[in-house]
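I have placed the structure first, in the form of structure tokens, so that the comments after it can refer back to it.
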Amino acid sequence: MTPLPGGMPPQDRDLAGYGRNPPDPRWPEGARLALSFVVNVEEGAELSIASGDERNEAVPETKQLVEHAPDPCMETHFAYGSRVALWRVLDLLDRFGVKATFSCCGRAVAATPALAAAPAASGHEVSAHGWRWEMHANMPEATERAVIARTVAVLGEAAGTRPVGWHTKSAPSVNTRRLLREEGGFLYDSDAYDDDLPRLVQVAGRPHVILPYAFDTNDMRFAPGQGFVQAEDFSTYCIGAFDQLMREGRTTPKMMSVGLHLRTIGRPGRIRGLELLLQHVTRHPGVWIARRMDIARHWRAISGLPA
């Protein structure tokens, strides 16, 4: 018999999930949907030879990689987020009374503390998004441990309170979740894209909440060739997802994540997409718009754990 290529997925990989028996999340006030807005803060954390990194960021808006030399064009694309868009996004969220999670790279905040201090002052959550804007796959364990510690310290100093949530750019390492639990102060991570509900897992012998994230209800799709062009492309897609989950939530309440990036949604031609989305979701009853740390604490509470 000819052997088949490859093998089988690892036994500890859960491909079935909750199936037809999802838990009742018991969202506050009987909400049908927990809605999480995540603002990714990466300005100054992008890979840059001028910052002493080994290479430049490979996917700037121009899709033109500059090798072996600084790339001031790429750097200014990112800088728009910290110089201009931060304030535009904060003003819009404040106008609708929406509290978001600002997922911040440590180096970005070390360079520009206002990136964490200003959101924290407005009541938003400041969570951790790594030190540099890079994936952690294949990162040496000692390096990753140092990255986590330094990120926690810098964000805590700027925001006035330490982060309790983590999200790696792209792929985490095989050690990331364990190192977060060993660090001791994290309630949750968002390094999953596989569900419409959170889940509780045991990591390093302690309970840990996983809050799934999403790349489709995300302004990253404004990147060239990724599907969004007009501001209404973003709002139409996200509103469609929201309406579908609200319908399902009549019987099975769900969670939805909306991903934002300062330098992307904060452009004047795109911010209208976020405004239209906020107009839609804030006029619907039965929605709990929450920071991710609040969702994680709620999930711990309904699981019988201290919040």
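In the structure tokens, chains take the letters A, B, ... in the order shown, each chain's residues start at 1, and ligands count up from 1 in the order shown.
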Hey, could you make a per-residue contact list for stretch 13-128 of chain A against stretch 281-286 of chain A with 12 Å as the cut-off, showing the nearest pair of atoms and its distance in Å to one decimal, counting only C-alpha atoms, sorted by chain and number, as JSON lines?
```
{"residue": "A:Arg26", "atom": "CA", "partner": "A:Gly286", "partner_atom": "CA", "distance": 11.8}
{"residue": "A:Trp27", "atom": "CA", "partner": "A:Gly286", "partner_atom": "CA", "distance": 9.4}
{"residue": "A:Pro28", "atom": "CA", "partner": "A:Gly286", "partner_atom": "CA", "distance": 9.4}
{"residue": "A:Glu29", "atom": "CA", "partner": "A:Gly286", "partner_atom": "CA", "distance": 7.9}
{"residue": "A:Gly30", "atom": "CA", "partner": "A:Gly286", "partner_atom": "CA", "distance": 6.9}
{"residue": "A:Ala31", "atom": "CA", "partner": "A:Gly286", "partner_atom": "CA", "distance": 4.2}
{"residue": "A:Arg32", "atom": "CA", "partner": "A:Gly286", "partner_atom": "CA", "distance": 5.3}
{"residue": "A:Leu33", "atom": "CA", "partner": "A:Gly286", "partner_atom": "CA", "distance": 6.8}
{"residue": "A:Ala34", "atom": "CA", "partner": "A:Gly286", "partner_atom": "CA", "distance": 9.0}
{"residue": "A:Leu35", "atom": "CA", "partner": "A:Val281", "partner_atom": "CA", "distance": 8.9}
{"residue": "A:Ser36", "atom": "CA", "partner": "A:Val281", "partner_atom": "CA", "distance": 11.3}
{"residue": "A:Phe37", "atom": "CA", "partner": "A:Val281", "partner_atom": "CA", "distance": 11.4}
{"residue": "A:Leu93", "atom": "CA", "partner": "A:Thr282", "partner_atom": "CA", "distance": 11.1}
{"residue": "A:Arg95", "atom": "CA", "partner": "A:Thr282", "partner_atom": "CA", "distance": 11.2}
{"residue": "A:Phe96", "atom": "CA", "partner": "A:Thr282", "partner_atom": "CA", "distance": 7.5}
{"residue": "A:Gly97", "atom": "CA", "partner": "A:Thr282", "partner_atom": "CA", "distance": 9.0}
{"residue": "A:Val98", "atom": "CA", "partner": "A:Thr282", "partner_atom": "CA", "distance": 8.5}
{"residue": "A:Lys99", "atom": "CA", "partner": "A:Thr282", "partner_atom": "CA", "distance": 11.8}
```
Would you list, as a short mmCIF file (atom, residue, chain, number, x, y, z; two decimals) with C-alpha atoms, in the first residue's frame, the residues of stretch 55-194 of chain A that end up in strand (DSSP E) under DSSP run on this structure's backbone?
```cif
data_model
loop_
_atom_site.label_atom_id
_atom_site.label_comp_id
_atom_site.auth_asym_id
_atom_site.auth_seq_id
_atom_site.Cartn_x
_atom_site.Cartn_y
_atom_site.Cartn_z
CA THR A 101 -8.47 47.90 23.52
CA PHE A 102 -5.31 49.61 22.27
CA SER A 103 -2.93 46.77 21.46
CA CYS A 104 0.47 48.44 21.74
CA GLU A 125 -7.45 49.33 27.72
CA VAL A 126 -3.75 49.25 26.86
CA SER A 127 -2.70 45.70 26.02
CA ALA A 128 0.56 44.22 24.73
CA GLY A 165 -3.68 41.03 27.49
CA TRP A 166 -1.33 39.96 24.72
CA TYR A 188 -5.69 36.49 28.24
CA ASP A 189 -4.12 36.36 24.81
#
```
Which residues of stretch 159-246 of chain A come within 7 Å of stretch 130-152 of chain A, and what is each one's closest atom pair and distance in Å (one decimal), counting only C-alpha atoms, sorted by chain and residue number, as CSV?
```
residue,atom,partner,partner_atom,distance
A:Arg162,CA,A:Val152,CA,6.1
A:Pro163,CA,A:Val152,CA,6.3
A:Thr168,CA,A:Gly130,CA,6.0
A:Lys169,CA,A:Met135,CA,5.0
A:Ser170,CA,A:Met135,CA,5.3
A:Ala171,CA,A:Met135,CA,5.2
A:Pro172,CA,A:His136,CA,4.6
A:Ser173,CA,A:Ala137,CA,4.0
A:Asn175,CA,A:Glu141,CA,6.9
A:Leu179,CA,A:Arg145,CA,6.5
```
Restrict the selected residues to C-alpha atoms and save them as an mmCIF file, in the first residue's frame.
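File result25.cif, as written:
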```
data_model
loop_
_atom_site.group_PDB
_atom_site.id
_atom_site.type_symbol
_atom_site.label_atom_id
_atom_site.label_comp_id
_atom_site.auth_asym_id
_atom_site.auth_seq_id
_atom_site.Cartn_x
_atom_site.Cartn_y
_atom_site.Cartn_z
ATOM 1 C CA ARG A 162 0.354 46.942 33.507
ATOM 2 C CA PRO A 163 -1.155 45.158 30.489
ATOM 3 C CA THR A 168 1.413 38.546 18.767
ATOM 4 C CA LYS A 169 1.765 39.902 15.257
ATOM 5 C CA SER A 170 1.023 36.894 13.063
ATOM 6 C CA ALA A 171 2.532 33.672 14.412
ATOM 7 C CA PRO A 172 3.434 33.242 18.093
ATOM 8 C CA SER A 173 6.171 30.826 19.058
ATOM 9 C CA ASN A 175 6.507 29.026 23.917
ATOM 10 C CA LEU A 179 5.802 32.406 28.856
#
```
What lies within 9 Å of A:Ser122 using only C-alpha atoms, ignoring chain neighbours under 5 positions off, as number ranges by chain? A: 90, 94, 99, 117
I need the helix (DSSP H, G or I) residues of stretch 24-115 of chain A per DSSP on the backbone, written as a PyMOL selection string. chain A and resi 28-30+49-51+72-96+106-111+114-115
Could you check which of A:Ala192, A:Glu183, A:Met246, A:Ile265 is closest to A:Arg221, using only C-alpha atoms?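 Checking each candidate against A:Arg221, we get A:Ile265 as the closest.
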Selection near A:Phe215, 8 Å with only C-alpha atoms, sequence-local residues under 4 positions removed, as a ChimeraX atom specification: /A:193,220,259
Tell me which of A:Pro212, A:Gly240, A:Gly6, A:Pro207 sits closest to A:Asp191, counting only C-alpha atoms. A:Pro212
I'd like to know which of A:Ala16, A:Ala158, A:Ala50, A:Met1 is closest to A:Ala118, using only C-alpha atoms.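 Nearest candidate to A:Ala118 out of A:Ala16, A:Ala158, A:Ala50, A:Met1: A:Ala158.
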Computed interatomic separation between atom CA of A:Arg181 and atom CA of A:Ile302 (Å):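 These two atoms are separated by 20.4 Å.
Counting only C-alpha atoms and comparing A:Thr264, A:Gln202, A:Gln64, A:Gln230, the residue that lies closest to A:Val39 is A:Thr264.
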Counting only C-alpha atoms, figure out which residue out of A:Pro72, A:Pro198, A:Gly123, A:Gly81 gets nearest to A:Tyr18.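 Checking each candidate against A:Tyr18, we get A:Pro198 as the closest.
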Considering only C-alpha atoms, can you say which of A:Leu260, A:Ala231, A:Ala120, A:Leu65 comes closest to A:Thr217?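 Residue with the minimum atom-to-atom distance to A:Thr217: A:Leu260.
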Could you pull the residues within 12 Å of A:Ala79, counting only C-alpha atoms, minus those fewer than 3 positions along the same chain, as an MDAnalysis selection string? chainID A and resid 41:46 60 72:76 82:86 108 111:112 115 261:264 266:267
